[in-house]
$ cat target_15.pdb   # PDB, C-alpha atoms and all ligand atoms
ATOM      1  CA  MET T   1      71.490  92.692 130.485
ATOM      2  CA  PRO T   2      69.773  94.994 127.941
ATOM      3  CA  MET T   3      71.371  95.232 124.517
ATOM      4  CA  GLN T   4      73.496  98.386 124.136
ATOM      5  CA  LEU T   5      72.373  99.320 120.641
ATOM      6  CA  GLU T   6      68.671  98.488 120.577
ATOM      7  CA  GLY T   7      66.967 100.867 118.133
ATOM      8  CA  ARG T   8      70.245 102.079 116.614
ATOM      9  CA  VAL T   9      71.110 101.893 112.911
ATOM     10  CA  ALA T  10      74.728 101.374 111.868
ATOM     11  CA  MET T  11      76.347 101.646 108.429
ATOM     12  CA  VAL T  12      79.525  99.598 108.034
ATOM     13  CA  THR T  13      81.678 100.208 104.976
ATOM     14  CA  GLY T  14      83.465  97.105 103.760
ATOM     15  CA  GLY T  15      80.964  95.222 105.926
ATOM     16  CA  GLY T  16      81.016  92.180 103.685
ATOM     17  CA  SER T  17      84.343  90.788 104.876
ATOM     18  CA  GLY T  18      86.911  90.585 107.661
ATOM     19  CA  ILE T  19      86.839  93.326 110.292
ATOM     20  CA  GLY T  20      83.788  94.988 108.717
ATOM     21  CA  ARG T  21      81.787  91.779 108.774
ATOM     22  CA  ALA T  22      82.823  91.051 112.368
ATOM     23  CA  SER T  23      81.867  94.606 113.378
ATOM     24  CA  ALA T  24      78.495  94.426 111.616
ATOM     25  CA  MET T  25      77.692  91.144 113.357
ATOM     26  CA  MET T  26      78.814  92.388 116.792
ATOM     27  CA  LEU T  27      76.765  95.592 116.485
ATOM     28  CA  ALA T  28      73.767  93.546 115.311
ATOM     29  CA  ARG T  29      74.117  91.168 118.265
ATOM     30  CA  GLU T  30      73.871  94.271 120.488
ATOM     31  CA  GLY T  31      70.589  95.243 118.816
ATOM     32  CA  ALA T  32      71.544  97.494 115.886
ATOM     33  CA  ASP T  33      70.050  97.286 112.416
ATOM     34  CA  ILE T  34      72.782  97.253 109.793
ATOM     35  CA  VAL T  35      73.485  98.954 106.464
ATOM     36  CA  ILE T  36      76.275  97.270 104.539
ATOM     37  CA  CYS T  37      78.248  99.531 102.188
ATOM     38  CA  ASP T  38      80.498  97.099 100.331
ATOM     39  CA  ILE T  39      81.717  97.095  96.745
ATOM     40  CA  ASP T  40      81.374  93.291  96.719
ATOM     41  CA  ASP T  41      77.635  92.672  96.349
ATOM     42  CA  ALA T  42      77.685  88.939  97.067
ATOM     43  CA  ALA T  43      79.710  89.445 100.252
ATOM     44  CA  GLY T  44      77.441  92.289 101.394
ATOM     45  CA  GLN T  45      74.251  90.307 100.765
ATOM     46  CA  LYS T  46      75.638  87.303 102.635
ATOM     47  CA  VAL T  47      76.373  89.379 105.742
ATOM     48  CA  ALA T  48      72.963  91.062 105.452
ATOM     49  CA  ALA T  49      71.365  87.610 105.546
ATOM     50  CA  GLU T  50      73.463  86.712 108.605
ATOM     51  CA  VAL T  51      72.319  89.908 110.337
ATOM     52  CA  GLU T  52      68.676  89.124 109.511
ATOM     53  CA  ALA T  53      69.136  85.632 110.923
ATOM     54  CA  LEU T  54      69.891  87.348 114.253
ATOM     55  CA  GLY T  55      66.478  89.023 114.071
ATOM     56  CA  ARG T  56      67.791  92.433 113.049
ATOM     57  CA  GLU T  57      67.061  94.358 109.850
ATOM     58  CA  ALA T  58      69.719  94.748 107.175
ATOM     59  CA  LEU T  59      70.182  96.679 103.943
ATOM     60  CA  ALA T  60      73.006  95.893 101.527
ATOM     61  CA  SER T  61      73.635  97.339  98.104
ATOM     62  CA  PRO T  62      76.848  97.271  96.066
ATOM     63  CA  THR T  63      78.510 100.593  96.818
ATOM     64  CA  ASP T  64      81.952 102.026  96.237
ATOM     65  CA  SER T  65      82.538 104.039  99.411
ATOM     66  CA  SER T  66      84.860 106.412  97.534
ATOM     67  CA  ASP T  67      82.177 107.424  95.005
ATOM     68  CA  SER T  68      79.908 110.209  96.250
ATOM     69  CA  ALA T  69      76.960 109.342  93.984
ATOM     70  CA  GLN T  70      76.965 105.705  95.112
ATOM     71  CA  VAL T  71      77.366 106.629  98.788
ATOM     72  CA  ASN T  72      74.579 109.201  98.621
ATOM     73  CA  ARG T  73      72.291 106.660  96.927
ATOM     74  CA  LEU T  74      72.842 104.095  99.685
ATOM     75  CA  VAL T  75      72.430 106.645 102.485
ATOM     76  CA  GLU T  76      69.212 107.881 100.868
ATOM     77  CA  ARG T  77      67.909 104.301 100.795
ATOM     78  CA  ALA T  78      68.914 103.864 104.436
ATOM     79  CA  GLY T  79      67.029 107.065 105.295
ATOM     80  CA  LYS T  80      63.889 105.812 103.542
ATOM     81  CA  ARG T  81      64.112 102.400 105.193
ATOM     82  CA  PHE T  82      65.163 103.314 108.742
ATOM     83  CA  GLY T  83      64.547 107.078 109.005
ATOM     84  CA  LYS T  84      68.012 107.679 110.462
ATOM     85  CA  LEU T  85      71.617 106.549 110.856
ATOM     86  CA  ASP T  86      73.245 106.549 114.292
ATOM     87  CA  ILE T  87      76.598 104.901 113.648
ATOM     88  CA  VAL T  88      79.117 104.824 110.810
ATOM     89  CA  VAL T  89      82.080 102.476 110.808
ATOM     90  CA  ASN T  90      84.522 103.657 108.141
ATOM     91  CA  ASN T  91      86.258 100.368 107.480
ATOM     92  CA  ALA T  92      86.425  99.733 103.705
ATOM     93  CA  GLY T  93      89.963  99.128 102.628
ATOM     94  CA  ILE T  94      92.396  97.728 100.100
ATOM     95  CA  VAL T  95      96.083  96.995 100.310
ATOM     96  CA  SER T  96      98.785  98.081  97.931
ATOM     97  CA  GLN T  97     102.376  96.979  98.174
ATOM     98  CA  ALA T  98     104.989  99.115  96.423
ATOM     99  CA  THR T  99     107.985 101.148  97.487
ATOM    100  CA  ILE T 100     108.530 104.699  96.245
ATOM    101  CA  ARG T 101     110.294 103.773  92.982
ATOM    102  CA  GLU T 102     107.636 101.203  92.006
ATOM    103  CA  LEU T 103     104.551 103.118  93.101
ATOM    104  CA  THR T 104     102.165 104.314  90.382
ATOM    105  CA  GLU T 105     100.016 107.427  90.465
ATOM    106  CA  GLU T 106      96.939 105.286  89.866
ATOM    107  CA  SER T 107      97.688 103.033  92.833
ATOM    108  CA  TRP T 108      98.382 106.037  95.062
ATOM    109  CA  ASP T 109      95.107 107.736  94.076
ATOM    110  CA  ARG T 110      92.967 104.607  94.455
ATOM    111  CA  THR T 111      94.411 103.626  97.834
ATOM    112  CA  VAL T 112      94.070 107.110  99.286
ATOM    113  CA  ALA T 113      90.529 107.410  97.884
ATOM    114  CA  VAL T 114      89.270 104.086  99.254
ATOM    115  CA  HIS T 115      90.496 104.891 102.772
ATOM    116  CA  LEU T 116      90.605 108.660 103.257
ATOM    117  CA  LYS T 117      88.101 110.030 100.741
ATOM    118  CA  SER T 118      85.602 107.314 101.721
ATOM    119  CA  MET T 119      85.821 108.456 105.333
ATOM    120  CA  PHE T 120      84.947 111.993 104.259
ATOM    121  CA  LEU T 121      82.109 111.009 101.920
ATOM    122  CA  CYS T 122      80.467 108.423 104.177
ATOM    123  CA  SER T 123      80.728 110.563 107.299
ATOM    124  CA  GLN T 124      79.366 113.627 105.509
ATOM    125  CA  ALA T 125      76.403 111.781 103.992
ATOM    126  CA  ALA T 126      75.576 109.888 107.192
ATOM    127  CA  LEU T 127      75.734 112.987 109.397
ATOM    128  CA  GLU T 128      72.637 114.369 107.701
ATOM    129  CA  LEU T 129      70.702 111.387 109.089
ATOM    130  CA  MET T 130      72.562 111.446 112.417
ATOM    131  CA  ILE T 131      72.316 115.086 113.470
ATOM    132  CA  PRO T 132      68.497 115.169 113.884
ATOM    133  CA  GLY T 133      68.761 112.368 116.475
ATOM    134  CA  GLY T 134      71.284 114.324 118.578
ATOM    135  CA  TRP T 135      73.457 111.210 119.033
ATOM    136  CA  GLY T 136      75.999 109.589 116.796
ATOM    137  CA  ARG T 137      79.145 107.522 116.585
ATOM    138  CA  ILE T 138      81.775 107.596 113.846
ATOM    139  CA  VAL T 139      84.452 104.924 114.178
ATOM    140  CA  ASN T 140      87.308 104.738 111.694
ATOM    141  CA  ILE T 141      89.421 101.661 111.193
ATOM    142  CA  ILE T 142      92.883 103.034 110.732
ATOM    143  CA  SER T 143      96.021 100.936 111.280
ATOM    144  CA  ARG T 144      99.283 100.564 113.142
ATOM    145  CA  ALA T 145     100.661 101.640 109.757
ATOM    146  CA  ALA T 146      99.567 105.214 110.520
ATOM    147  CA  PHE T 147     102.134 105.262 113.338
ATOM    148  CA  LYS T 148     104.914 102.855 112.398
ATOM    149  CA  GLY T 149     106.731 102.868 109.072
ATOM    150  CA  ARG T 150     106.914  99.667 107.049
ATOM    151  CA  ALA T 151     108.444  99.565 103.554
ATOM    152  CA  GLY T 152     105.973  99.269 100.701
ATOM    153  CA  THR T 153     102.961 100.723 102.526
ATOM    154  CA  GLY T 154     103.260 104.341 101.308
ATOM    155  CA  PRO T 155      99.760 105.339 100.176
ATOM    156  CA  TYR T 156      98.107 103.000 102.695
ATOM    157  CA  SER T 157     100.028 104.494 105.628
ATOM    158  CA  ALA T 158      99.580 108.025 104.326
ATOM    159  CA  ALA T 159      95.824 107.500 103.971
ATOM    160  CA  LYS T 160      95.546 106.020 107.468
ATOM    161  CA  GLY T 161      97.555 108.930 108.868
ATOM    162  CA  GLY T 162      95.191 111.278 107.038
ATOM    163  CA  MET T 163      92.217 109.501 108.609
ATOM    164  CA  LEU T 164      93.802 109.945 112.040
ATOM    165  CA  ALA T 165      94.271 113.687 111.520
ATOM    166  CA  TYR T 166      90.813 114.115 110.001
ATOM    167  CA  SER T 167      89.161 112.197 112.849
ATOM    168  CA  ARG T 168      90.353 114.850 115.309
ATOM    169  CA  VAL T 169      88.897 117.640 113.190
ATOM    170  CA  LEU T 170      85.620 115.736 112.820
ATOM    171  CA  ALA T 171      85.488 115.081 116.571
ATOM    172  CA  VAL T 172      85.659 118.818 117.213
ATOM    173  CA  GLU T 173      83.217 119.730 114.441
ATOM    174  CA  THR T 174      80.543 117.168 115.341
ATOM    175  CA  ALA T 175      80.603 117.195 119.166
ATOM    176  CA  GLN T 176      77.906 119.908 119.187
ATOM    177  CA  TRP T 177      75.501 117.354 117.667
ATOM    178  CA  GLY T 178      76.203 114.647 120.237
ATOM    179  CA  VAL T 179      78.488 112.777 117.860
ATOM    180  CA  THR T 180      81.789 111.177 118.907
ATOM    181  CA  VAL T 181      84.551 110.317 116.445
ATOM    182  CA  ASN T 182      87.209 107.734 117.289
ATOM    183  CA  ASN T 183      89.591 105.312 115.625
ATOM    184  CA  VAL T 184      90.589 101.712 116.070
ATOM    185  CA  ALA T 185      94.150 100.936 114.972
ATOM    186  CA  PRO T 186      94.649  97.205 114.443
ATOM    187  CA  GLY T 187      97.926  95.418 114.059
ATOM    188  CA  THR T 188      98.062  92.513 111.631
ATOM    189  CA  THR T 189      94.680  90.783 111.787
ATOM    190  CA  LEU T 190      93.660  87.504 110.182
ATOM    191  CA  THR T 191      91.118  88.533 107.534
ATOM    192  CA  PRO T 192      90.804  87.736 103.826
ATOM    193  CA  MET T 193      92.891  90.893 103.178
ATOM    194  CA  VAL T 194      95.988  89.379 104.765
ATOM    195  CA  GLU T 195      95.368  85.628 104.991
ATOM    196  CA  ALA T 196      96.713  85.002 101.509
ATOM    197  CA  GLY T 197      99.947  86.803 102.403
ATOM    198  CA  PHE T 198     100.385  84.621 105.505
ATOM    199  CA  PRO T 199      99.088  81.259 104.262
ATOM    200  CA  THR T 200     100.414  78.854 106.911
ATOM    201  CA  GLU T 201     100.440  78.699 110.712
ATOM    202  CA  ASP T 202     104.246  78.897 110.675
ATOM    203  CA  ILE T 203     104.260  82.047 108.551
ATOM    204  CA  ARG T 204     101.594  83.615 110.783
ATOM    205  CA  ALA T 205     103.602  82.811 113.902
ATOM    206  CA  GLN T 206     106.694  84.297 112.251
ATOM    207  CA  GLU T 207     104.755  87.500 111.411
ATOM    208  CA  ALA T 208     103.519  87.731 115.018
ATOM    209  CA  ARG T 209     107.114  87.330 116.279
ATOM    210  CA  SER T 210     108.724  89.715 113.818
ATOM    211  CA  SER T 211     106.090  92.409 114.281
ATOM    212  CA  GLY T 212     106.785  92.258 118.023
ATOM    213  CA  VAL T 213     103.586  90.799 119.490
ATOM    214  CA  ILE T 214     104.061  90.486 123.265
ATOM    215  CA  THR T 215     100.554  89.465 124.347
ATOM    216  CA  GLN T 216     100.093  85.779 125.135
ATOM    217  CA  PRO T 217      99.503  83.509 123.410
ATOM    218  CA  MET T 218     101.690  85.195 120.790
ATOM    219  CA  ARG T 219      99.606  85.281 117.592
ATOM    220  CA  LEU T 220      97.980  87.626 115.076
ATOM    221  CA  ALA T 221      94.698  89.358 115.954
ATOM    222  CA  GLU T 222      91.287  87.922 115.092
ATOM    223  CA  ALA T 223      88.664  90.143 113.418
ATOM    224  CA  ASP T 224      86.361  89.789 116.448
ATOM    225  CA  GLU T 225      89.009  91.378 118.664
ATOM    226  CA  ILE T 226      88.960  94.495 116.481
ATOM    227  CA  ALA T 227      85.154  94.431 116.350
ATOM    228  CA  ALA T 228      85.034  94.399 120.161
ATOM    229  CA  ALA T 229      86.936  97.703 120.169
ATOM    230  CA  VAL T 230      84.490  99.071 117.581
ATOM    231  CA  LEU T 231      81.572  98.001 119.778
ATOM    232  CA  TYR T 232      83.067  99.758 122.807
ATOM    233  CA  LEU T 233      83.391 103.014 120.822
ATOM    234  CA  CYS T 234      79.812 102.676 119.497
ATOM    235  CA  GLY T 235      78.275 101.565 122.763
ATOM    236  CA  THR T 236      76.989 103.058 125.974
ATOM    237  CA  HIS T 237      80.282 103.005 127.894
ATOM    238  CA  SER T 238      82.197 105.488 125.736
ATOM    239  CA  ASP T 239      80.060 108.656 125.922
ATOM    240  CA  HIS T 240      83.054 110.632 127.268
ATOM    241  CA  VAL T 241      85.503 109.371 124.638
ATOM    242  CA  THR T 242      86.161 111.300 121.437
ATOM    243  CA  GLY T 243      89.073 112.162 119.175
ATOM    244  CA  THR T 244      91.078 109.176 120.316
ATOM    245  CA  THR T 245      92.525 105.931 118.963
ATOM    246  CA  LEU T 246      92.211 102.498 120.494
ATOM    247  CA  HIS T 247      95.240 100.392 119.544
ATOM    248  CA  VAL T 248      94.576  96.651 119.236
ATOM    249  CA  ASN T 249      97.995  95.374 118.207
ATOM    250  CA  GLY T 250      99.314  92.879 120.744
ATOM    251  CA  GLY T 251     101.694  95.474 122.144
ATOM    252  CA  THR T 252     103.576  95.872 118.870
ATOM    253  CA  TYR T 253     103.261  99.647 118.994
ATOM    254  CA  MET T 254     102.756 101.750 122.120
ATOM    255  CA  PRO T 255     102.005 105.415 121.436
TER     256      PRO T 255
HETATM  257  P1  LIG J   1      88.953  92.642 103.864
HETATM  258  O1  LIG J   1      88.710  91.345 104.529
HETATM  259  O2  LIG J   1      89.581  92.685 102.517
HETATM  260  O3  LIG J   1      87.572  93.443 103.816
HETATM  261  C1  LIG J   1      87.475  94.703 103.207
HETATM  262  C2  LIG J   1      86.134  94.815 102.527
HETATM  263  O4  LIG J   1      86.037  96.141 101.977
HETATM  264  C3  LIG J   1      86.003  93.841 101.346
HETATM  265  O5  LIG J   1      84.710  93.289 101.293
HETATM  266  C4  LIG J   1      86.268  94.771 100.174
HETATM  267  O6  LIG J   1      85.723  94.310  98.950
HETATM  268  C5  LIG J   1      85.595  96.015 100.637
HETATM  269  N1  LIG J   1      85.972  97.183  99.859
HETATM  270  C6  LIG J   1      87.149  97.416  99.214
HETATM  271  N2  LIG J   1      87.100  98.579  98.562
HETATM  272  C7  LIG J   1      85.868  99.097  98.794
HETATM  273  C8  LIG J   1      85.219 100.274  98.378
HETATM  274  N3  LIG J   1      85.814 101.172  97.588
HETATM  275  N4  LIG J   1      83.945 100.483  98.784
HETATM  276  C9  LIG J   1      83.312  99.580  99.580
HETATM  277  N5  LIG J   1      83.884  98.442  99.987
HETATM  278  C10 LIG J   1      85.140  98.200  99.611
HETATM  279  O7  LIG J   1      89.883  93.572 104.787
HETATM  280  P2  LIG J   1      90.052  93.738 106.379
HETATM  281  O8  LIG J   1      91.363  93.151 106.724
HETATM  282  O9  LIG J   1      88.835  93.318 107.092
HETATM  283  O10 LIG J   1      90.245  95.313 106.459
HETATM  284  C11 LIG J   1      89.240  96.176 106.953
HETATM  285  C12 LIG J   1      89.910  97.478 107.364
HETATM  286  O11 LIG J   1      90.840  97.216 108.410
HETATM  287  C13 LIG J   1      90.685  98.155 106.229
HETATM  288  O12 LIG J   1      90.479  99.536 106.278
HETATM  289  C14 LIG J   1      92.127  97.823 106.558
HETATM  290  O13 LIG J   1      93.008  98.787 106.070
HETATM  291  C15 LIG J   1      92.065  97.832 108.077
HETATM  292  N6  LIG J   1      93.163  97.103 108.706
HETATM  293  C16 LIG J   1      93.315  95.769 108.469
HETATM  294  C17 LIG J   1      94.373  95.092 109.058
HETATM  295  C18 LIG J   1      94.597  93.632 108.838
HETATM  296  O14 LIG J   1      95.698  93.150 109.196
HETATM  297  N7  LIG J   1      93.630  92.900 108.302
HETATM  298  C19 LIG J   1      95.273  95.788 109.899
HETATM  299  C20 LIG J   1      95.082  97.144 110.101
HETATM  300  C21 LIG J   1      94.019  97.787 109.516
HETATM  301  P3  LIG J   1      86.744  93.543  97.923
HETATM  302  O15 LIG J   1      87.107  92.272  98.630
HETATM  303  O16 LIG J   1      85.919  93.367  96.692
HETATM  304  O17 LIG J   1      87.927  94.481  97.754
END
$ encode --input "target_15.pdb" --output "C-alpha cells"
Amino acid sequence: MPMQLEGRVAMVTGGGSGIGRASAMMLAREGADIVICDIDDAAGQKVAAEVEALGREALASPTDSSDSAQVNRLVERAGKRFGKLDIVVNNAGIVSQATIRELTEESWDRTVAVHLKSMFLCSQAALELMIPGGWGRIVNIISRAAFKGRAGTGPYSAAKGGMLAYSRVLAVETAQWGVTVNNVAPGTTLTPMVEAGFPTEDIRAQEARSSGVITQPMRLAEADEIAAAVLYLCGTHSDHVTGTTLHVNGGTYMP
C-alpha cells in the first residue's frame, strides 16, 4: 500500500515526548518529513534522529510554542528547508494542579499560553506555508478535560476548552484553502507527563477504574493510540472531516 503522507511536511509541537513523539513517528512512517517544535532541545533532537533513521528528513530546534518570535523563526527555517508545511499538530502541553484558592496568576497565564496561545501562533505561522499548496491539516490535541470537570485542572481545562472553540472558528476560516481543522481528545494516557503521577501498575489500574474506562482490557491509553487518531485526521481518509473532535478515552466520556 502506498504511504499516505509521502511528500508531506508536518510540524509537531511538543514532538520530543509522549503523544507528540508518537505522532511525529507515526506521520514519518507514513512518509512525512517532520519539524519538531519542542522547548526541550535534547528531546527534540533525539526524535529528529529517530525520524531520520526511518529515512525521512527532520528539523528540530528548541522552540517555545507560545513565543511568537521563536515560532516564526522555526517556521521560517522549515520554509527554507522544505519549501512548505502541510500539517501542524498542536500538541505542546504542560500540566498544572491547583484548585481555585491555590491557583496563581502566573500559573494560569503560563498554562493557557502553552496550550491556547501556542495553537494560535503555530497555526497562524504555518498557514502561510500551507495555503500556497491548497491542502493542509491542523490537528489539536485537546483533552477529555475540555468536556468533563475535574478538581484542580482549572487553567488546563479552560485552555483546552478554548482550543475546542477556536478549532471550529479556524475550520470555517481555513476551509477555503483546502485546510481541515480537527481535535483529538485523549483520556489519561501513559506519557512522561502523567507517568510520575501514576507510578505503579496498581495505581494505573485504579486510575483506569475510577475514571470509568469501559474498553477491554481496562487500562490507560498508550501514546500510539492517540497518534493513530492524529494520523487518521492528517491522512487521506479524512478529507470530508473538519471542525470535529475524535475522543480516544476508553469510553470514559461520551459526548
Ligand atoms: P509530555 O510527555 O510531557 O510531552 C509534552 C512535550 O511538550 C514535552 O517535550 C514538553 O517539554 C513540551 N513542551 C512543553 N511546553 C512547551 C512549549 N511551551 N513549547 C514547546 N514544547 C513544549 O506530555 P503528553 O502527555 O505527551 O502531552 C501532549 C499533549 O497531550 C498535551 O497537550 C496534553 O495536554 C495532551 N493530553 C495528554 C494527556 C495525558 O494523559 N498524557 C491526556 C489528555 C491530553 P518539557 O518536558 O520540557 O515540558
$ closest_atom_pairs --input "target_15.pdb" --of "chain T" --to "ligand LIG 1 (chain J)" --cutoff "8 Å" --atoms "all atoms listed in the file" --output "tab-separated table"
residue	atom	partner	partner_atom	distance
T:Thr13	CA	J:LIG1	C9	5.7
T:Gly14	CA	J:LIG1	O4	3.3
T:Gly15	CA	J:LIG1	C2	6.2
T:Gly16	CA	J:LIG1	O5	4.5
T:Ser17	CA	J:LIG1	O3	4.3
T:Gly18	CA	J:LIG1	O9	3.4
T:Ile19	CA	J:LIG1	O9	3.8
T:Gly20	CA	J:LIG1	O9	5.6
T:Arg21	CA	J:LIG1	O9	7.4
T:Cys37	CA	J:LIG1	C9	5.7
T:Asp38	CA	J:LIG1	N5	3.7
T:Ile39	CA	J:LIG1	C9	4.1
T:Asp40	CA	J:LIG1	O16	4.5
T:Ala43	CA	J:LIG1	O5	6.4
T:Gly44	CA	J:LIG1	O5	7.3
T:Pro62	CA	J:LIG1	C9	7.7
T:Thr63	CA	J:LIG1	C9	5.6
T:Asp64	CA	J:LIG1	N4	3.6
T:Ser65	CA	J:LIG1	N4	3.9
T:Ser66	CA	J:LIG1	N3	5.3
T:Asp67	CA	J:LIG1	N3	7.7
T:Asn90	CA	J:LIG1	O12	7.5
T:Asn91	CA	J:LIG1	O12	4.5
T:Ala92	CA	J:LIG1	O4	4.0
T:Gly93	CA	J:LIG1	O12	3.7
T:Ile94	CA	J:LIG1	C6	5.3
T:Val95	CA	J:LIG1	O13	6.8
T:Ala113	CA	J:LIG1	N3	7.8
T:Val114	CA	J:LIG1	N3	4.8
T:His115	CA	J:LIG1	O12	6.4
T:Ser118	CA	J:LIG1	N3	7.4
T:Ile141	CA	J:LIG1	O11	5.4
T:Ile142	CA	J:LIG1	C21	5.5
T:Ser143	CA	J:LIG1	C20	4.1
T:Arg144	CA	J:LIG1	C20	6.2
T:Ala145	CA	J:LIG1	C20	7.2
T:Tyr156	CA	J:LIG1	O13	7.4
T:Lys160	CA	J:LIG1	O13	7.8
T:Ala185	CA	J:LIG1	C20	6.2
T:Pro186	CA	J:LIG1	C20	4.4
T:Gly187	CA	J:LIG1	C19	4.9
T:Thr188	CA	J:LIG1	O14	3.5
T:Thr189	CA	J:LIG1	O14	3.7
T:Leu190	CA	J:LIG1	N7	5.7
T:Thr191	CA	J:LIG1	O8	4.7
T:Pro192	CA	J:LIG1	O1	4.2
T:Met193	CA	J:LIG1	O2	3.8
T:Val194	CA	J:LIG1	N7	5.5
T:Ala221	CA	J:LIG1	O14	7.8
T:Ala223	CA	J:LIG1	O9	7.1
$ resolve_selection --input "target_15.pdb" --expression "the PyMOL selection byres (((chain T and resi 165) around 12) and not hetatm)" --output "JSON, numbers by chain"
{"T": [116, 119, 120, 140, 142, 146, 147, 158, 159, 160, 161, 162, 163, 164, 166, 167, 168, 169, 170, 171, 172, 181, 182, 183, 243, 244, 245]}
$ axis_aligned_box --input "target_15.pdb" --around "stretch 80-83 of chain T" --padding-each-side "6 Å" --output "AutoDock Vina command-line options"
--center_x 64.5 --center_y 104.7 --center_z 106.3 --size_x 13.3 --size_y 16.7 --size_z 17.5
$ atom_distance --input "target_15.pdb" --atom1 "atom CA of T:Leu27" --atom2 "atom CA of T:Lys80"
20.9 Å
$ resolve_selection --input "target_15.pdb" --expression "the PyMOL selection byres (((chain T and resi 124) around 12) and not hetatm)" --output "JSON, numbers by chain"
{"T": [65, 68, 71, 72, 75, 85, 88, 90, 117, 118, 119, 120, 121, 122, 123, 125, 126, 127, 128, 129, 130, 131, 138, 170, 173, 174]}
$ resolve_selection --input "target_15.pdb" --expression "the PyMOL selection byres (((chain T and resi 82) around 10) and not hetatm)" --output "mmCIF file with C-alpha atoms, keeping the file's coordinate frame"
data_model
loop_
_atom_site.group_PDB
_atom_site.id
_atom_site.type_symbol
_atom_site.label_atom_id
_atom_site.label_comp_id
_atom_site.auth_asym_id
_atom_site.auth_seq_id
_atom_site.Cartn_x
_atom_site.Cartn_y
_atom_site.Cartn_z
ATOM 1 C CA GLY T 7 66.967 100.867 118.133
ATOM 2 C CA ARG T 8 70.245 102.079 116.614
ATOM 3 C CA VAL T 9 71.110 101.893 112.911
ATOM 4 C CA ASP T 33 70.050 97.286 112.416
ATOM 5 C CA ILE T 34 72.782 97.253 109.793
ATOM 6 C CA VAL T 35 73.485 98.954 106.464
ATOM 7 C CA GLU T 57 67.061 94.358 109.850
ATOM 8 C CA ALA T 58 69.719 94.748 107.175
ATOM 9 C CA LEU T 59 70.182 96.679 103.943
ATOM 10 C CA GLU T 76 69.212 107.881 100.868
ATOM 11 C CA ARG T 77 67.909 104.301 100.795
ATOM 12 C CA ALA T 78 68.914 103.864 104.436
ATOM 13 C CA GLY T 79 67.029 107.065 105.295
ATOM 14 C CA LYS T 80 63.889 105.812 103.542
ATOM 15 C CA ARG T 81 64.112 102.400 105.193
ATOM 16 C CA GLY T 83 64.547 107.078 109.005
ATOM 17 C CA LYS T 84 68.012 107.679 110.462
ATOM 18 C CA LEU T 85 71.617 106.549 110.856
ATOM 19 C CA LEU T 129 70.702 111.387 109.089
#
$ closest_residue --input "target_15.pdb" --among "T:Leu246, T:Met11, T:Leu233, T:Val51" --to "T:Val179" --atoms "only C-alpha atoms"
T:Leu233
$ residues_around --input "target_15.pdb" --residues "T:Glu50" --least-positions-apart "4" --cutoff "10 Å" --atoms "all atoms listed in the file" --output "ChimeraX atom specification"
/T:21,24-25,28,44-46,54-56,58
$ atom_distance --input "target_15.pdb" --atom1 "atom CA of T:Pro255" --atom2 "atom CA of T:Thr215"
16.3 Å
$ residues_around --input "target_15.pdb" --residues "T:Arg204" --least-positions-apart "6" --cutoff "9 Å" --atoms "all atoms listed in the file" --output "list in words"
Leu190, Glu195, Phe198, Arg219 and Leu220 of chain T
$ atom_distance --input "target_15.pdb" --atom1 "atom CA of T:His247" --atom2 "atom CA of T:Glu222"
13.8 Å
$ closest_residue --input "target_15.pdb" --among "T:Arg73, T:Arg29, T:Gln176, T:Ser210" --to "T:Ala53" --atoms "only C-alpha atoms"
T:Arg29
$ residues_near_point --input "target_15.pdb" --point "(104.8, 98.7, 98.6)" --cutoff "7 Å" --atoms "only C-alpha atoms" --output "list in words"
Ser96, Gln97, Ala98, Thr99, Ala151, Gly152, Thr153 and Gly154 of chain T
$ write_last_selection --input "target_15.pdb" --atoms "C-alpha atoms" --output "PDB file, in the coordinates of the input"
ATOM      1  CA  SER T  96      98.785  98.081  97.931  1.00  0.00           C
ATOM      2  CA  GLN T  97     102.376  96.979  98.174  1.00  0.00           C
ATOM      3  CA  ALA T  98     104.989  99.115  96.423  1.00  0.00           C
ATOM      4  CA  THR T  99     107.985 101.148  97.487  1.00  0.00           C
ATOM      5  CA  ALA T 151     108.444  99.565 103.554  1.00  0.00           C
ATOM      6  CA  GLY T 152     105.973  99.269 100.701  1.00  0.00           C
ATOM      7  CA  THR T 153     102.961 100.723 102.526  1.00  0.00           C
ATOM      8  CA  GLY T 154     103.260 104.341 101.308  1.00  0.00           C
TER       9      GLY T 154
END
$ closest_residue --input "target_15.pdb" --among "T:Val241, T:Val12, T:Leu74, T:Val184" --to "T:Ala228" --atoms "all atoms listed in the file"
T:Val184
$ residues_near_point --input "target_15.pdb" --point "(104.2, 91.7, 121.3)" --cutoff "12 Å" --atoms "only C-alpha atoms" --output "list in words"
Gly187, Thr188, Ala205, Gln206, Glu207, Ala208, Arg209, Ser210, Ser211, Gly212, Val213, Ile214, Thr215, Gln216, Pro217, Met218, Arg219, Leu220, Ala221, Val248, Asn249, Gly250, Gly251, Thr252, Tyr253 and Met254 of chain T
$ build_atoms --input "target_15.pdb" --residues "stretch 121-125 of chain T" --atoms "N, CA, C and O atoms" --output "short mmCIF file (atom, residue, chain, number, x, y, z; two decimals), keeping the file's coordinate frame"
data_model
loop_
_atom_site.label_atom_id
_atom_site.label_comp_id
_atom_site.auth_asym_id
_atom_site.auth_seq_id
_atom_site.Cartn_x
_atom_site.Cartn_y
_atom_site.Cartn_z
N LEU T 121 83.40 111.10 102.59
CA LEU T 121 82.11 111.01 101.92
C LEU T 121 81.06 110.32 102.78
O LEU T 121 79.91 110.77 102.88
N CYS T 122 81.44 109.20 103.39
CA CYS T 122 80.47 108.42 104.18
C CYS T 122 80.08 109.16 105.45
O CYS T 122 78.91 109.16 105.84
N SER T 123 81.04 109.81 106.08
CA SER T 123 80.73 110.56 107.30
C SER T 123 79.83 111.75 106.96
O SER T 123 78.83 112.01 107.65
N GLN T 124 80.15 112.45 105.88
CA GLN T 124 79.37 113.63 105.51
C GLN T 124 77.92 113.24 105.20
O GLN T 124 76.97 113.86 105.68
N ALA T 125 77.76 112.20 104.38
CA ALA T 125 76.40 111.78 103.99
C ALA T 125 75.63 111.29 105.21
O ALA T 125 74.46 111.65 105.41
#
